[in-house]
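See structure below.
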Amino acid sequence: MYVGEGTKLRKDPRYKNTFIYAIELTNSDPQIVALFIKFLKEELEVDFSKVRGQLFIYPDLDKEKVMRVWSRKTGIPIAQFQKVIMLKPRSLVFRHSPLGTFKVRISSKDKFLKLQSIIESVWKSV
């Protein structure tokens, strides 16, 4: 799941030869996001108080209601949500998710490297 939907290692544009070790997964399906959170807790042993959520929604959605739904489905308290990103309205033909898109984020070099190690071992076994 993370190989396709997750954030890869990237350079920090603010500093020379510095990287951002953020584990991020973005999806519109609460079950996929909840499964990833379970993986973070059980396999990476992430301190859940450091997990952040970020919501991407269109203006016609009720921000507060959608935040409550994602908080309930992910177990991430709204206090751990980062700024909600309001997307530009799309054409009437496009049907967006009624819950928007949700990003789970944890910044930890140790956990990032552990995740990369897990991914590499899976690839070697294929």
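If you're wondering about the labels, chains in the structure tokens are A, B, ... by order shown, residues count from 1 in each chain, ligands from 1 in order shown.
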
Using only C-alpha atoms, I'd like a table of the residues in region 29-104 of chain A that come within 12 Å of region 113-126 of chain A; for each, show the closest atom pair and its distance in Å rounded to one decimal, ordered by chain and ascending number, as CSV.
```
residue,atom,partner,partner_atom,distance
A:Phe36,CA,A:Leu115,CA,11.9
A:Phe39,CA,A:Leu115,CA,10.2
A:Leu40,CA,A:Leu115,CA,9.2
A:Glu43,CA,A:Leu115,CA,8.9
A:Leu44,CA,A:Lys114,CA,7.2
A:Glu45,CA,A:Lys114,CA,10.3
A:Val46,CA,A:Lys114,CA,11.0
```

Exercise. Tell me which protein, DNA and RNA residues are within 10 Å of Lys50 (chain A), counting only C-alpha atoms, leaving out same-chain ones fewer than 5 positions away, and put them as a list in words.
Key: Ile76, Gln80, Arg105, Ile106, Ser107 and Ser108 of chain A

Quiz prompt | Residue among A:His96, A:Lys63, A:Arg52, A:Lys88 lying closest to Ile23 (chain A), counting only C-alpha atoms | solution = A:Arg52

Self-check item: Shell of 9 Å around Val84 (chain A), only C-alpha atoms, local chain residues under 5 positions omitted, as a ChimeraX atom specification
Solution: /A:54-57,63,67

Exercise. Report the residues of chain A whose backbone DSSP state falls under alpha helix (DSSP H), written as number ranges by chain.
Key: A: 2-5, 30-42, 63-74, 109-125

Exercise. Identify, on the basis of only C-alpha atoms, every residue whose closest approach to Thr74 (chain A) does not exceed 8 Å; exclude the query and any residue fewer than 4 positions from it along the same chain; express the result as a VMD selection string.
Key: chain A and resid 30 33 to 34 37 70

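Note that CA of Lys109 (chain A) and CA of Pro77 (chain A) are 23.3 Å apart.
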
Quiz item: For Phe48 (chain A), which residue out of A:Ile85, A:Val104, A:Ser28, A:Asp110 is the nearest one, using only C-alpha atoms?
Solution: A:Val104

Quiz prompt | DSSP-assigned strand (DSSP E or B) among chain A, expressed as an NGL selection string | solution = :A and (6 or 10-11 or 19-20 or 22-27 or 52-57 or 81 or 85-86 or 101-107)

Can I get the selected residues back with C-alpha atoms, as a compact mmCIF listing (two decimals), in the first residue's frame?
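Everything below was put into part-v4.txt:
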```
# COMPACT_ATOMS: atom_id res chain seq x y z
CA GLY A 6 3.10 6.80 0.35
CA ARG A 10 12.88 13.78 -0.64
CA LYS A 11 15.43 16.52 -0.26
CA PHE A 19 16.37 15.06 3.66
CA ILE A 20 12.80 14.96 4.92
CA ALA A 22 8.30 11.89 6.72
CA ILE A 23 6.07 8.86 6.47
CA GLU A 24 2.90 10.03 4.73
CA LEU A 25 0.01 8.19 3.17
CA THR A 26 -2.87 9.97 1.46
CA ASN A 27 -6.13 8.31 0.50
CA ARG A 52 -0.74 13.95 12.40
CA GLY A 53 -3.71 14.05 10.06
CA GLN A 54 -4.44 16.48 7.27
CA LEU A 55 -7.65 16.85 5.35
CA PHE A 56 -8.03 17.96 1.72
CA ILE A 57 -11.61 18.93 0.85
CA PHE A 81 -4.91 17.56 12.62
CA ILE A 85 -6.46 22.34 2.67
CA MET A 86 -9.39 23.70 0.70
CA THR A 101 -8.86 13.02 1.04
CA PHE A 102 -6.92 12.38 4.24
CA LYS A 103 -3.18 12.36 4.82
CA VAL A 104 -1.56 10.55 7.75
CA ARG A 105 1.87 11.93 8.62
CA ILE A 106 4.65 11.06 11.05
CA SER A 107 8.11 12.61 10.94
```

Quiz item: Between CA of Ser49 (chain A) and CA of Pro98 (chain A), what is the distance, to one decimal in Å?
Solution: 27.1 Å

Quiz item: Between CA of Asp62 (chain A) and CA of Gln31 (chain A), what is the distance, to one decimal in Å?
Solution: 20.7 Å
